[in-house]
Amino acid sequence: MKNLNNGCFSPFFSHIYVEKQVQNHPRTKEILAQYPRAQIIEISHYKDVFCRSRQNQPLQHRAQKLILAAKDGTLIYPGSVVCQSFGNANFYYTSCMMNCIYDCEYCYLKGMYPSANLVIFVNLEDIFAQLERMLEQQSLYVCVSYDTDLLALEQAIGYAGAWNRFAAKHSQNLKIEIRTKCANKQFFESQDPLSNVIYAFTLSPQAVVERFEHYTPSLTERIACAANAVCAGFLVRLCFDPMIYVSDWQLHYKNMVQEVFARIKADRLADVSVGSFRIPQDYLKNMRRQQPDSAAAWFPYQMENGYAHYPQKLMEQMEQYLIGCLREYLPQENIFLWKES
């Protein structure tokens, strides 16, 4: 857990906003017990706090607040076109939490949400219930950690473990992916491997981590955690996605791949993904407004079909170079390259 209190900002989760309708929910009480010194503020609806105007995301990230709420309306969404399905039919995702304790400058959440504060939907049982109704009709591939990093907050909320238990009950027709940048070795020591749960570690060269992925574990720490998970029998996917342009990017990405496979046996991986940075144009516009000095936000991207991405030649050069590095360790069929459908 990050510690950002430098005397000018409130401690992490110093204030917790709680919707009136979830005050007595068991999960609300469990989460509040983790932060006994926090000031608890009752609210009518999470959007009253999360969606108010004139918020400053960079400052909020230095003293994030927590909002506990109930998720209603749509609970399960079709997979986004900017995300990979890895060849799975019936691709969906769900958001049981909004925003992340990490502060990656290129993250699409900065363009998607008006706030840097975190929302936790405590009615996880309602998401499970809708999934069970859907599973009566078809098998599903569901990504559960796109709009946050569940493993990074596992000690406080326990949602990754809850998803593990749910998946264990539906091993025949459900596959889930939990994506993360954390290095939570303790989680993997406390869980049993399942054949239908994939842990997807997002890896970036250390130069990218240091410059753009604020408060995240180092590349070496992430690799070590992924290696431990692989050795313990967990299904692990490595996501070299999004690729971020930096000076001497070829050297940085080559060194990263070498470090990865010095620690992890390639034939023990589920697969790997490759994709360069891309984002909806409207999100990029919001990111630039919030981060006027960010090289990641203000790169001269190519705009096409409502999305921003690196100029075509550079994009293809970066992706094909990384695929070439990976081909030294993996067969082509285990390397998934994102392509717009």
# chains A, B, ... in the order shown; residues from 1 in each chain; ligands from 1
>>> residues_around(residues="Thr28 in chain A", least_positions_apart="3", cutoff="12 Å", atoms="only C-alpha atoms", output="list in words")
Ile16, Tyr17, Val18, Glu19, Lys20, Gln21, Val22, Gln23, Asn24, His25, Ile31, Leu32, Ala33, Gln34, Tyr35, Ile40, Leu66, Ile67, Leu68, Ala69, Ala70, Ile120, Phe121, Val122, Asn123, Leu124, Ala156 and Ile157 of chain A
>>> select_by_dssp(residues="range 63-197 of chain A", states="helix (DSSP H, G or I)", output="ChimeraX atom specification")
/A:109-112,124-135,150-157,159-168,185-190
>>> write_last_selection(atoms="N, CA and C atoms", output="compact mmCIF listing (two decimals), in the first residue's frame")
# COMPACT_ATOMS: atom_id res chain seq x y z
N LEU A 109 -8.01 5.34 -17.49
CA LEU A 109 -8.92 5.75 -16.42
C LEU A 109 -8.87 7.25 -16.19
N LYS A 110 -7.72 7.87 -16.46
CA LYS A 110 -7.59 9.32 -16.29
C LYS A 110 -8.47 10.08 -17.27
N GLY A 111 -8.74 9.46 -18.42
CA GLY A 111 -9.63 10.08 -19.38
C GLY A 111 -11.07 9.65 -19.23
N MET A 112 -11.28 8.52 -18.59
CA MET A 112 -12.61 7.93 -18.45
C MET A 112 -13.36 8.50 -17.25
N LEU A 124 -21.00 -7.18 -4.26
CA LEU A 124 -20.39 -8.12 -5.19
C LEU A 124 -21.31 -9.31 -5.46
N GLU A 125 -22.14 -9.64 -4.50
CA GLU A 125 -23.05 -10.78 -4.67
C GLU A 125 -24.03 -10.56 -5.81
N ASP A 126 -24.37 -9.31 -6.11
CA ASP A 126 -25.29 -9.03 -7.21
C ASP A 126 -24.62 -9.29 -8.56
N ILE A 127 -23.33 -8.98 -8.66
CA ILE A 127 -22.58 -9.28 -9.88
C ILE A 127 -22.50 -10.79 -10.07
N PHE A 128 -22.21 -11.50 -8.99
CA PHE A 128 -22.15 -12.96 -9.06
C PHE A 128 -23.50 -13.54 -9.50
N ALA A 129 -24.58 -12.99 -8.97
CA ALA A 129 -25.91 -13.51 -9.30
C ALA A 129 -26.22 -13.31 -10.78
N GLN A 130 -25.87 -12.15 -11.33
CA GLN A 130 -26.12 -11.94 -12.76
C GLN A 130 -25.26 -12.87 -13.62
N LEU A 131 -24.01 -13.07 -13.21
CA LEU A 131 -23.15 -13.99 -13.95
C LEU A 131 -23.72 -15.40 -13.94
N GLU A 132 -24.25 -15.83 -12.81
CA GLU A 132 -24.81 -17.17 -12.73
C GLU A 132 -26.01 -17.32 -13.66
N ARG A 133 -26.80 -16.25 -13.80
CA ARG A 133 -27.92 -16.30 -14.74
C ARG A 133 -27.41 -16.40 -16.17
N MET A 134 -26.35 -15.68 -16.49
CA MET A 134 -25.77 -15.73 -17.82
C MET A 134 -25.13 -17.09 -18.10
N LEU A 135 -24.52 -17.67 -17.07
CA LEU A 135 -23.86 -18.96 -17.24
C LEU A 135 -24.86 -20.09 -17.50
N LEU A 150 -7.30 -5.14 -8.56
CA LEU A 150 -7.87 -5.81 -7.38
C LEU A 150 -6.81 -6.37 -6.46
N LEU A 151 -5.75 -6.95 -7.04
CA LEU A 151 -4.72 -7.56 -6.19
C LEU A 151 -3.98 -6.52 -5.35
N ALA A 152 -3.89 -5.30 -5.85
CA ALA A 152 -3.19 -4.26 -5.11
C ALA A 152 -3.93 -3.87 -3.84
N LEU A 153 -5.24 -4.12 -3.79
CA LEU A 153 -6.03 -3.78 -2.61
C LEU A 153 -6.60 -5.03 -1.92
N GLU A 154 -6.01 -6.17 -2.21
CA GLU A 154 -6.57 -7.42 -1.70
C GLU A 154 -6.60 -7.47 -0.18
N GLN A 155 -5.59 -6.94 0.46
CA GLN A 155 -5.56 -7.00 1.93
C GLN A 155 -6.73 -6.25 2.55
N ALA A 156 -7.19 -5.19 1.87
CA ALA A 156 -8.27 -4.38 2.42
C ALA A 156 -9.65 -4.88 2.02
N ILE A 157 -9.80 -5.40 0.78
CA ILE A 157 -11.15 -5.71 0.30
C ILE A 157 -11.37 -7.19 -0.01
N TYR A 159 -11.30 -8.94 -2.75
CA TYR A 159 -12.14 -9.26 -3.91
C TYR A 159 -11.51 -10.30 -4.83
N ALA A 160 -10.20 -10.31 -4.96
CA ALA A 160 -9.57 -11.32 -5.81
C ALA A 160 -9.85 -12.72 -5.25
N GLY A 161 -9.75 -12.85 -3.94
CA GLY A 161 -10.08 -14.12 -3.30
C GLY A 161 -11.53 -14.50 -3.50
N ALA A 162 -12.42 -13.51 -3.44
CA ALA A 162 -13.84 -13.78 -3.65
C ALA A 162 -14.10 -14.26 -5.07
N TRP A 163 -13.41 -13.65 -6.05
CA TRP A 163 -13.56 -14.10 -7.43
C TRP A 163 -12.99 -15.51 -7.61
N ASN A 164 -11.92 -15.81 -6.91
CA ASN A 164 -11.36 -17.15 -6.96
C ASN A 164 -12.38 -18.19 -6.48
N ARG A 165 -13.03 -17.88 -5.40
CA ARG A 165 -14.02 -18.82 -4.84
C ARG A 165 -15.22 -18.98 -5.77
N PHE A 166 -15.64 -17.88 -6.39
CA PHE A 166 -16.76 -17.95 -7.33
C PHE A 166 -16.38 -18.79 -8.54
N ALA A 167 -15.17 -18.57 -9.07
CA ALA A 167 -14.71 -19.32 -10.23
C ALA A 167 -14.62 -20.81 -9.93
N ALA A 168 -14.24 -21.15 -8.71
CA ALA A 168 -14.11 -22.56 -8.33
C ALA A 168 -15.45 -23.29 -8.42
N LYS A 185 2.84 -11.33 -3.40
CA LYS A 185 3.21 -12.73 -3.25
C LYS A 185 2.35 -13.43 -2.20
N GLN A 186 1.94 -12.70 -1.17
CA GLN A 186 1.16 -13.31 -0.10
C GLN A 186 -0.16 -13.86 -0.60
N PHE A 187 -0.74 -13.19 -1.60
CA PHE A 187 -2.02 -13.67 -2.13
C PHE A 187 -1.87 -15.07 -2.70
N PHE A 188 -0.84 -15.30 -3.48
CA PHE A 188 -0.67 -16.59 -4.12
C PHE A 188 -0.29 -17.68 -3.12
N GLU A 189 0.24 -17.27 -1.99
CA GLU A 189 0.54 -18.23 -0.94
C GLU A 189 -0.72 -18.64 -0.18
N SER A 190 -1.79 -17.83 -0.30
CA SER A 190 -3.02 -18.09 0.45
C SER A 190 -4.12 -18.72 -0.39
>>> residues_around(residues="range 324-335 of chain A", least_positions_apart="6", cutoff="10 Å", atoms="only C-alpha atoms", output="PyMOL selection string")
chain A and resi 86+237-239+250+253-258+261+265-267+269-274+318
>>> residues_around(residues="Thr180 in chain A", least_positions_apart="3", cutoff="10 Å", atoms="only C-alpha atoms", output="PDB file with N, CA and C atoms, in the first residue's frame")
ATOM      1  N   SER A 145     -10.748  -7.168 -13.652  1.00  0.00           N
ATOM      2  CA  SER A 145      -9.833  -6.192 -13.045  1.00  0.00           C
ATOM      3  C   SER A 145      -9.289  -5.229 -14.097  1.00  0.00           C
ATOM      4  N   TYR A 146     -10.182  -4.746 -14.981  1.00  0.00           N
ATOM      5  CA  TYR A 146      -9.767  -3.779 -15.992  1.00  0.00           C
ATOM      6  C   TYR A 146      -9.714  -2.356 -15.447  1.00  0.00           C
ATOM      7  N   THR A 148      -9.376  -1.238 -12.470  1.00  0.00           N
ATOM      8  CA  THR A 148      -8.722  -1.125 -11.180  1.00  0.00           C
ATOM      9  C   THR A 148      -7.613  -2.170 -11.123  1.00  0.00           C
ATOM     10  N   ASP A 149      -7.005  -2.325  -9.954  1.00  0.00           N
ATOM     11  CA  ASP A 149      -6.065  -3.416  -9.718  1.00  0.00           C
ATOM     12  C   ASP A 149      -6.498  -4.094  -8.422  1.00  0.00           C
ATOM     13  N   LEU A 150      -7.302  -5.143  -8.560  1.00  0.00           N
ATOM     14  CA  LEU A 150      -7.867  -5.805  -7.384  1.00  0.00           C
ATOM     15  C   LEU A 150      -6.807  -6.366  -6.462  1.00  0.00           C
ATOM     16  N   LEU A 151      -5.749  -6.953  -7.037  1.00  0.00           N
ATOM     17  CA  LEU A 151      -4.723  -7.558  -6.189  1.00  0.00           C
ATOM     18  C   LEU A 151      -3.983  -6.525  -5.347  1.00  0.00           C
ATOM     19  N   ALA A 152      -3.890  -5.303  -5.852  1.00  0.00           N
ATOM     20  CA  ALA A 152      -3.187  -4.259  -5.110  1.00  0.00           C
ATOM     21  C   ALA A 152      -3.926  -3.865  -3.837  1.00  0.00           C
ATOM     22  N   GLU A 177     -10.160 -13.557 -15.896  1.00  0.00           N
ATOM     23  CA  GLU A 177      -8.819 -12.988 -15.897  1.00  0.00           C
ATOM     24  C   GLU A 177      -8.747 -11.898 -14.834  1.00  0.00           C
ATOM     25  N   ALA A 183       2.762  -6.847  -6.878  1.00  0.00           N
ATOM     26  CA  ALA A 183       3.680  -7.956  -6.582  1.00  0.00           C
ATOM     27  C   ALA A 183       3.252  -8.597  -5.264  1.00  0.00           C
ATOM     28  N   ASN A 184       1.985  -8.976  -5.204  1.00  0.00           N
ATOM     29  CA  ASN A 184       1.373  -9.480  -3.982  1.00  0.00           C
ATOM     30  C   ASN A 184       1.635 -10.979  -3.830  1.00  0.00           C
ATOM     31  N   TYR A 199      -4.097 -15.149 -14.070  1.00  0.00           N
ATOM     32  CA  TYR A 199      -3.533 -13.938 -13.475  1.00  0.00           C
ATOM     33  C   TYR A 199      -2.626 -13.290 -14.512  1.00  0.00           C
ATOM     34  N   ALA A 200      -3.007 -12.102 -14.933  1.00  0.00           N
ATOM     35  CA  ALA A 200      -2.318 -11.421 -16.032  1.00  0.00           C
ATOM     36  C   ALA A 200      -1.474 -10.288 -15.466  1.00  0.00           C
ATOM     37  N   PHE A 201      -0.157 -10.455 -15.523  1.00  0.00           N
ATOM     38  CA  PHE A 201       0.770  -9.455 -15.000  1.00  0.00           C
ATOM     39  C   PHE A 201       1.166  -8.490 -16.120  1.00  0.00           C
ATOM     40  N   THR A 202       0.872  -7.214 -15.942  1.00  0.00           N
ATOM     41  CA  THR A 202       1.312  -6.199 -16.891  1.00  0.00           C
ATOM     42  C   THR A 202       2.759  -5.844 -16.589  1.00  0.00           C
ATOM     43  N   LEU A 203       3.619  -6.029 -17.581  1.00  0.00           N
ATOM     44  CA  LEU A 203       5.049  -5.772 -17.413  1.00  0.00           C
ATOM     45  C   LEU A 203       5.496  -4.663 -18.355  1.00  0.00           C
ATOM     46  N   ARG A 222       7.685  -7.417  -9.957  1.00  0.00           N
ATOM     47  CA  ARG A 222       6.558  -8.039 -10.654  1.00  0.00           C
ATOM     48  C   ARG A 222       6.959  -9.390 -11.243  1.00  0.00           C
ATOM     49  N   LEU A 238       1.436 -13.032 -19.245  1.00  0.00           N
ATOM     50  CA  LEU A 238       2.257 -11.824 -19.193  1.00  0.00           C
ATOM     51  C   LEU A 238       1.763 -10.855 -20.251  1.00  0.00           C
ATOM     52  N   CYS A 239       1.470  -9.643 -19.834  1.00  0.00           N
ATOM     53  CA  CYS A 239       0.921  -8.625 -20.737  1.00  0.00           C
ATOM     54  C   CYS A 239       1.960  -7.534 -20.980  1.00  0.00           C
TER      55      CYS A 239
END
>>> atom_distance(atom1="CA of Ile323 in chain A", atom2="CA of Arg263 in chain A")
18.9 Å
>>> closest_residue(among="A:Tyr301, A:Tyr141, A:Tyr113, A:Tyr108", to="Gln55 in chain A", atoms="only C-alpha atoms")
A:Tyr113
>>> closest_atom_pairs(of="range 130-222 of chain A", to="range 288-294 of chain A", cutoff="12 Å", atoms="only C-alpha atoms", output="CSV")
residue,atom,partner,partner_atom,distance
A:Arg211,CA,A:Ser294,CA,9.8
A:Phe212,CA,A:Ser294,CA,8.6
A:Glu213,CA,A:Ser294,CA,11.8
>>> write_last_selection(atoms="C-alpha atoms", output="PDB file, in the first residue's frame")
ATOM      1  CA  ARG A 211       8.934   7.561 -15.655  1.00  0.00           C
ATOM      2  CA  PHE A 212       5.231   6.828 -16.056  1.00  0.00           C
ATOM      3  CA  GLU A 213       3.971   4.128 -13.637  1.00  0.00           C
TER       4      GLU A 213
END
>>> residues_around(residues="Asn173 in chain A", least_positions_apart="3", cutoff="9 Å", atoms="only C-alpha atoms", output="list in words")
Leu135, Gln138, Ser139, Leu140, Tyr141, His170 and Asn196 of chain A
>>> atom_distance(atom1="CA of Val209 in chain A", atom2="CA of Ser276 in chain A")
15.4 Å
>>> atom_distance(atom1="CA of Ser218 in chain A", atom2="CA of Asn117 in chain A")
23.4 Å
